[in-house]
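K.L.:
Submitted below is the structure of interest, expressed as structure tokens.
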Amino acid sequence: MTNTIAVQMSGVVKRFPGVVANDGVEFELRRGEVHALLGENGAGKSTLSNILTGLYRPDEGTIELNGAPVSFSSPRDALNAGIGMVHQHFRLVETFSVAENVVLGNPDTAFLLDTAAINERVKELAARYDMAVDPEARIWQLSVGEQQRVEILKVLYRGAQVLILDEPTAVLTPIEADALFRTLRAMTAEGRTVIFISHKLDEVMAVSDRITVLRGGRTVGTVDTSTTNKRDLASMMVGRNVEFTRVQRKTPAQANDIVLHVENLGGHDDRGRDALHGITLTVGRGEIVGIAGVAGNGQRELAEVIAGMRHATTGSVSVEGKILQSGKARAAIAGGVAHVPEDRLHTGLAAGHSVEDNLALKSYRSSLLSRFGLLRRQAMRDGAVDLVERYDVKTPSTQTAVRLLSGGNVQKVLLAREFSTDPKVLIAASPTRGLDVGAIESVRERLVEAADSGLGVLLISEDLDEIMSLADRIAVIYEGRIVAVIPADKADRETIGLLMGGSHLEATS
Amino acid sequence: MNNSLLIVILASAIFYGTPLLFAALGGVFTERSGVLNLGVEGMMLIGGVSGAWASQHIGGSAWFTVFASILVAMFAGGLTALLHAFLCVTLKANQTVAGLSITIFAGALGLSSYFANVWKVAAHPVTRPIRKLDVFGLADAPVVGPLLFNHTILTYVSWVLVAASSFYLFRTKTGLQLRAVGESPQTADAMGINVVKYRYFHTVLGGMLAGIGGAFYSLAIVSTWVDGLTKGAGWIAIALVIFGFWRPDLTLVGAYLFGALQSLGTTLKARSFHISGDLLDALPFIMTIVVLVLVSSRFAHKRLGAPAALGVPYEREER
């Protein structure tokens with residue numbers, strides 16, 4: 001039974017204008033397995049799963065489901081055939097209850113809604129797969145982990161035999177991820193099949209039976225998880241060996257020579273609710289302080305208050321002993337704060353403008369770049385050409401619009417601009433998110449270089465590995481509070497994971 | 001007793017509130033699907049002129065004429081709404097602009113007046129208007145008579161419609177899916193719900209109900225055609241949708257409140273109260289402004305339960 005083929009995709013080609021996203025992919029799925037689809041960003045994982053779920057049609061190649069060729073023209077076709085997708089960005093109606101979301105669009109739901117019966121059925125289904133979720137709760141009341149369970153329930157309720165999970169752990173705490181893995185096991189034990197898309201080696205090793213690695217739109221190979229290891233997978237994924245070591249620093253951090261001092265800081269989120277509660281934090285000269293936490297615990301607000309983009313409701317931010325005026329981005333820039341925001345293409349850069357305009361955005365007021373309020377274009381261009389070279393930005397010209405560059409190069413432009421103002425402090429929010437391995441490495445090198453040259457770096461990231469390998473000290477943020485600050489050499493993943501999930505609060509109280 | 005000021009005002013609130021209720025219920029359906037319709041005024045006028053024309057040209061029994069005129073008004077309103085749906089759903093136009101242009105195109109100085117000229121609708125009064133009924137012979141019963149048993153057929157239809165709409169929206173699968181389309185079309189699409197079909201259907205349905213509302217003016221309230229005879233009722237209906245929190249039952253309450261304000265001028269003048277008629281005529285619109293100001297803060301919008309995707313064209317994500 002376990003060796004029957006559920007899905008066979010052969011020679012799948014999908015072209016988009018200017019890109020071949022899938023270039024002859026081979027993919028075989030056996031019934032009852034957890035099959036990981038591993039690859040860097042842009043390797044073609046999402047395209048392949050979108051083809052399997054009917055969102056895209058392949059230009060070439062065949063798909064067989066249980067031995068019979070199929071062709072889906074919409075997600076509905078795929079769902080009816082028993083293939084369901086759990087999207088990375090949830091598809092849920094916020095104001096509906098869990099049960100309403102689960103039955104939504106199901107052809108078997110009766111015309112008259114019997115709410116009590118629906119709630120009961122959803123509750124049973126959740127219990128069967130070891131998922132704790134209240135069918136009557138409204139989606140907006142749920143945590144991200146719970147919302148993901150609703151997504152999975154939706155697909156199960158539709159009777160899906162093949163479930164595709166697109167980077168499901170990206171939004172979960174380690175504990176929630178473990179619960180998810182248990183649920184996946186419960187599903188495969190019933191003969192359902194799971195495709196698990198990820199670029200995290202640890203979890204792929206932990207959860208899958210077999211692994212197919214994609215690179216550049218092609219299948220590199222399919223391996224049994226029991227006969228491979230992380231190092232081999234990494235080299236399949238990137239085509240070379242990647243070292244897993246803690247970054248060595250040229251200049252030691254001077255934690256006592258404080259450059260950034262955040263004192264009892266409070267701030268609101270976009271809805272006007274308190275998002276930060278008395279945050280106190282220091283960053284020393286040449287020190288990298290990592291802020292670890294699950295997204296949405298106040299990281300963005302913290303970065304924006306420090307960068308002067310958001311008002312502080314309490315407390316203060318000072319750089320080298322001088323207090324910055326709250327809510328004034330220009331004061332923060334003048335005070336020596338550089339900021340790499342998490343949404344680099346919208347908050348960080350003017351996406352439709354050229355590389356050289358973007359590079360000048362923070363320094364156009366200097367006499368070097370403007371005179372009597374008029375820009376000196378030649379000086380801007382010369383400066384841009386210089387920066388593009390120094391930061392190895394791959395762009396056709398300095399007049400190219402930033403939005404046309406790849407993610408890694410966009411980030412390089414942003415870093416080049418921020419460092420060009422000669423800052424004292426760098427706030428980097430998820431600086432490597434969404435980048436491919438090569439670009440991640442080069443961004444990390446820049447951060448370490450910055451620290452070596454004496455900057456205080458506040459690295460906010462959801463990627464714990466990144467923080468563990470770069471930071472000198474790790475501060476864990478949970479619900480707008482710093483719950484612990486731990487020297488990196490004394491930190492272990494499990495403790496930090498627990499703190500990120502807020503569990504120490506229960507343990508100590 | 002039935003002649004007391006309070007009873008008269010309440011009874012005429014229901015009478016004048018009826019067209020508002022139809023148009024606003026239509027707005028509830030349209031907006032629940034995520035389409036903002038600022039073309040209601042235009043659709044009402046198109047319905048009004050077509051209804052008046054049909055009433056003058058369709059023979060048969062009096063009942064048949066009324067029935068047929070209402071159908072024609074619905075059809076005309078629905079057709080106008082189909083244009084709005086085409087602009088907003090298929091062409092993904094800016095819904096505010098599309099709605100405004102429908103009202104300008106079809107409104108007092110546009111298509112509805114043109115039809116009235118060409119068909120010579122204004123030349124004669126409507127000979128077979130929609131009359132008030134004497135239900136169970138109780139029209140003169142104290143208090144309940146004028147309030148419950150002495151209305152036009154359309155008022156009774158609207159009551160059934162309110163109950164049916166609430167049931168449809170909150171107790172049926174289609175209603176659930178409609179609300180999903182208005183809240184999160186991405187989700188609905190991913191679950192295999194046809195977003196385009198739902199939006200088209202409920203926009204056209206909204207236009208049909210607006211058409212009935214317009215016909216109520218030309219066939220019952222004014223009983224003849226005058227250019228721009230709805231006098232901005234369409235705009236009040238749009239405010240009522242918000243005022244009623246996108247719920248049919250509360251929309252009924254709002255419609256009768258505004259109906260009372262609209263009838264106040266006529267009623268008070270008939271009783272020789274010395275109040276500026278212009279001021280009284282302006283009352284519903286002043287109230288509309290107040291309501292819209294109160295509910296248009298972002299906080300209120302979120303709390304009141306506006307469909308999250310209201311006014312946003314849906315496009316399937318492609319890379």
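Ordered as shown in the structure tokens, chains take letters A, B, and onward, while each chain numbers its residues from 1 and ligands are numbered from 1 in the order shown.
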Could you write out as a tab-separated table (two decimals) with N, CA and C atoms, in the first residue's frame the residues of chain A within 9 Å of chain B, counting only C-alpha atoms?

P.N.:
```
chain	number	residue	atom	x	y	z
A	16	PHE	N	7.47	31.67	-17.32
A	16	PHE	CA	6.87	32.99	-17.12
A	16	PHE	C	7.70	33.96	-17.93
A	55	LEU	N	-3.54	26.03	-9.93
A	55	LEU	CA	-3.50	27.48	-10.08
A	55	LEU	C	-2.80	27.86	-11.39
A	56	TYR	N	-1.73	27.13	-11.72
A	56	TYR	CA	-1.07	27.34	-13.01
A	56	TYR	C	-1.26	26.08	-13.85
A	74	SER	N	-8.36	24.70	-12.38
A	74	SER	CA	-8.55	25.61	-11.27
A	74	SER	C	-8.29	24.86	-9.97
A	75	PRO	N	-8.07	25.61	-8.87
A	75	PRO	CA	-7.88	24.96	-7.57
A	75	PRO	C	-9.06	24.07	-7.21
A	76	ARG	N	-10.24	24.43	-7.70
A	76	ARG	CA	-11.43	23.64	-7.40
A	76	ARG	C	-11.32	22.23	-7.99
A	77	ASP	N	-10.81	22.15	-9.23
A	77	ASP	CA	-10.63	20.84	-9.85
A	77	ASP	C	-9.71	19.97	-9.01
A	79	LEU	N	-8.95	20.27	-5.84
A	79	LEU	CA	-9.58	19.93	-4.56
A	79	LEU	C	-10.54	18.76	-4.74
A	90	PHE	N	-2.33	32.59	4.84
A	90	PHE	CA	-3.58	31.88	5.04
A	90	PHE	C	-4.70	32.47	4.23
A	91	ARG	N	-5.57	31.59	3.77
A	91	ARG	CA	-6.77	32.02	3.07
A	91	ARG	C	-7.93	31.79	4.02
A	92	LEU	N	-8.15	32.74	4.91
A	92	LEU	CA	-9.22	32.60	5.90
A	92	LEU	C	-10.03	33.89	5.93
A	93	VAL	N	-11.32	33.74	6.23
A	93	VAL	CA	-12.17	34.90	6.40
A	93	VAL	C	-12.13	35.27	7.89
A	94	GLU	N	-11.52	36.40	8.18
A	94	GLU	CA	-11.22	36.80	9.56
A	94	GLU	C	-12.45	36.88	10.46
A	95	THR	N	-13.57	37.33	9.89
A	95	THR	CA	-14.74	37.57	10.73
A	95	THR	C	-15.60	36.31	10.89
A	96	PHE	N	-15.26	35.25	10.19
A	96	PHE	CA	-16.03	34.01	10.30
A	96	PHE	C	-15.50	33.14	11.42
A	100	GLU	N	-17.20	27.87	10.15
A	100	GLU	CA	-17.68	28.49	8.90
A	100	GLU	C	-16.59	28.48	7.85
A	101	ASN	N	-15.35	28.77	8.27
A	101	ASN	CA	-14.25	28.73	7.33
A	101	ASN	C	-14.02	27.33	6.79
A	103	VAL	N	-16.19	24.85	6.39
A	103	VAL	CA	-17.20	24.35	5.45
A	103	VAL	C	-17.33	25.22	4.20
A	104	LEU	N	-16.67	26.35	4.21
A	104	LEU	CA	-16.81	27.30	3.10
A	104	LEU	C	-16.46	26.66	1.76
A	105	GLY	N	-17.36	26.80	0.83
A	105	GLY	CA	-17.07	26.33	-0.53
A	105	GLY	C	-17.18	24.84	-0.70
A	106	ASN	N	-17.57	24.12	0.36
A	106	ASN	CA	-17.67	22.68	0.24
A	106	ASN	C	-18.98	22.31	-0.45
A	109	THR	N	-21.88	20.76	1.66
A	109	THR	CA	-22.61	21.46	2.71
A	109	THR	C	-24.05	21.69	2.24
A	110	ALA	N	-25.00	21.44	3.14
A	110	ALA	CA	-26.40	21.63	2.78
A	110	ALA	C	-26.68	23.11	2.58
A	111	PHE	N	-27.73	23.42	1.81
A	111	PHE	CA	-28.04	24.82	1.54
A	111	PHE	C	-28.39	25.55	2.83
A	112	LEU	N	-29.16	24.90	3.69
A	112	LEU	CA	-29.45	25.52	4.99
A	112	LEU	C	-28.34	25.13	5.96
A	113	LEU	N	-27.75	26.14	6.59
A	113	LEU	CA	-26.63	25.86	7.48
A	113	LEU	C	-27.14	25.35	8.82
A	114	ASP	N	-26.64	24.18	9.21
A	114	ASP	CA	-26.96	23.67	10.54
A	114	ASP	C	-25.71	23.88	11.39
A	115	THR	N	-25.64	25.04	12.02
A	115	THR	CA	-24.40	25.46	12.69
A	115	THR	C	-23.96	24.45	13.74
A	154	LYS	N	-9.56	22.69	6.90
A	154	LYS	CA	-10.32	23.00	5.70
A	154	LYS	C	-10.05	21.97	4.62
A	271	ARG	N	-2.90	49.85	15.09
A	271	ARG	CA	-4.28	49.99	15.53
A	271	ARG	C	-4.38	50.81	16.81
```

K.L.:
Please measure the separation of CA of Leu405 (chain A) and CA of Ala429 (chain A), giving the value in Å to one decimal.

P.N.:
19.9 Å

K.L.:
Excluding same-chain residues fewer than 5 positions from Leu147 (chain B), what lies within 12 Å of it counting only C-alpha atoms, as a PyMOL selection string?

P.N.:
chain B and resi 2-3+6-15+132-135+138-142+152+155-156+256

K.L.:
Just N, CA and C atoms for this one: save the residues we selected as a compact mmCIF listing (two decimals), in the first residue's frame.

P.N.:
```
# COMPACT_ATOMS: atom_id res chain seq x y z
N ASN B 2 -56.55 57.71 14.87
CA ASN B 2 -55.68 57.46 13.74
C ASN B 2 -55.24 58.73 13.05
N ASN B 3 -55.80 59.81 13.44
CA ASN B 3 -55.42 61.09 12.86
C ASN B 3 -54.42 61.83 13.73
N LEU B 6 -48.68 61.52 15.86
CA LEU B 6 -47.73 60.42 15.97
C LEU B 6 -48.05 59.29 14.99
N ILE B 7 -49.31 58.89 14.95
CA ILE B 7 -49.71 57.80 14.07
C ILE B 7 -49.49 58.19 12.62
N VAL B 8 -49.85 59.43 12.28
CA VAL B 8 -49.66 59.87 10.89
C VAL B 8 -48.19 59.85 10.52
N ILE B 9 -47.35 60.33 11.43
CA ILE B 9 -45.92 60.35 11.12
C ILE B 9 -45.38 58.93 10.98
N LEU B 10 -45.80 58.03 11.87
CA LEU B 10 -45.31 56.65 11.79
C LEU B 10 -45.77 55.98 10.50
N ALA B 11 -47.05 56.18 10.17
CA ALA B 11 -47.58 55.55 8.96
C ALA B 11 -46.87 56.08 7.72
N SER B 12 -46.65 57.40 7.68
CA SER B 12 -45.98 57.92 6.49
C SER B 12 -44.49 57.61 6.50
N ALA B 13 -43.93 57.36 7.69
CA ALA B 13 -42.53 56.91 7.75
C ALA B 13 -42.39 55.59 7.01
N ILE B 14 -43.38 54.71 7.21
CA ILE B 14 -43.33 53.41 6.53
C ILE B 14 -43.52 53.60 5.03
N PHE B 15 -44.47 54.48 4.67
CA PHE B 15 -44.73 54.74 3.25
C PHE B 15 -43.49 55.31 2.55
N LYS B 132 -52.66 52.01 -1.88
CA LYS B 132 -52.64 51.42 -0.54
C LYS B 132 -53.78 50.42 -0.43
N LEU B 133 -53.52 49.33 0.25
CA LEU B 133 -54.52 48.28 0.37
C LEU B 133 -55.26 48.40 1.69
N ASP B 134 -56.41 47.78 1.72
CA ASP B 134 -57.14 47.66 2.97
C ASP B 134 -57.10 46.19 3.34
N VAL B 135 -56.08 45.79 4.09
CA VAL B 135 -55.85 44.37 4.36
C VAL B 135 -56.82 43.88 5.42
N LEU B 138 -59.03 45.99 7.76
CA LEU B 138 -58.62 46.54 9.06
C LEU B 138 -57.93 47.90 8.95
N ALA B 139 -58.01 48.50 7.74
CA ALA B 139 -57.26 49.73 7.52
C ALA B 139 -57.64 50.84 8.50
N ASP B 140 -58.86 50.81 8.97
CA ASP B 140 -59.30 51.87 9.87
C ASP B 140 -59.26 51.46 11.33
N ALA B 141 -58.76 50.26 11.60
CA ALA B 141 -58.67 49.84 13.00
C ALA B 141 -57.79 50.82 13.76
N PRO B 142 -58.09 51.07 15.01
CA PRO B 142 -57.30 52.06 15.75
C PRO B 142 -55.83 51.63 15.85
N THR B 152 -49.11 49.73 0.69
CA THR B 152 -49.08 49.20 -0.66
C THR B 152 -48.54 47.78 -0.63
N THR B 155 -44.82 47.44 0.21
CA THR B 155 -44.40 47.49 1.61
C THR B 155 -44.44 46.09 2.22
N TYR B 156 -45.53 45.36 1.92
CA TYR B 156 -45.61 44.00 2.46
C TYR B 156 -44.53 43.11 1.86
N TYR B 256 -37.04 53.45 7.89
CA TYR B 256 -38.25 54.10 8.40
C TYR B 256 -37.91 55.39 9.15
```

K.L.:
Could you go through region 113-262 of chain A and tell me which residues DSSP, when run on the backbone, assigns to helix (DSSP H, G or I), listing them as a VMD selection string?

P.N.:
chain A and resid 115 to 128 139 to 141 144 to 157 168 to 171 174 to 189 201 to 207 225 to 227 230 to 238

K.L.:
Choose the residue, out of A:Ile83, A:Ile5, A:Val213, A:Ile279, that has the smallest atom-to-atom separation from Glu64 (chain A); count only C-alpha atoms.

P.N.:
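Nearest candidate to Glu64 (chain A) out of A:Ile83, A:Ile5, A:Val213, A:Ile279: A:Ile5.
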
K.L.:
So the first atom is CA of Gly293 (chain A) and the second is CA of Leu499 (chain A); what is the distance between them in Å, to one decimal place?

P.N.:
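Interatomic distance here is 8.3 Å.
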
K.L.:
Please indicate the distance in Å from CA of Ala303 (chain A) to CA of Pro341 (chain A), rounded to one decimal place.

P.N.:
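Computing the Euclidean distance for CA of Ala303 (chain A) and CA of Pro341 (chain A) yields 7.7 Å.
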
K.L.:
Between A:Leu458, A:Ile258, A:Met85, A:Ala206, which is the closest to Gln299 (chain A) once you count only C-alpha atoms?

P.N.:
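Smallest distance to Gln299 (chain A) is found for A:Leu458.
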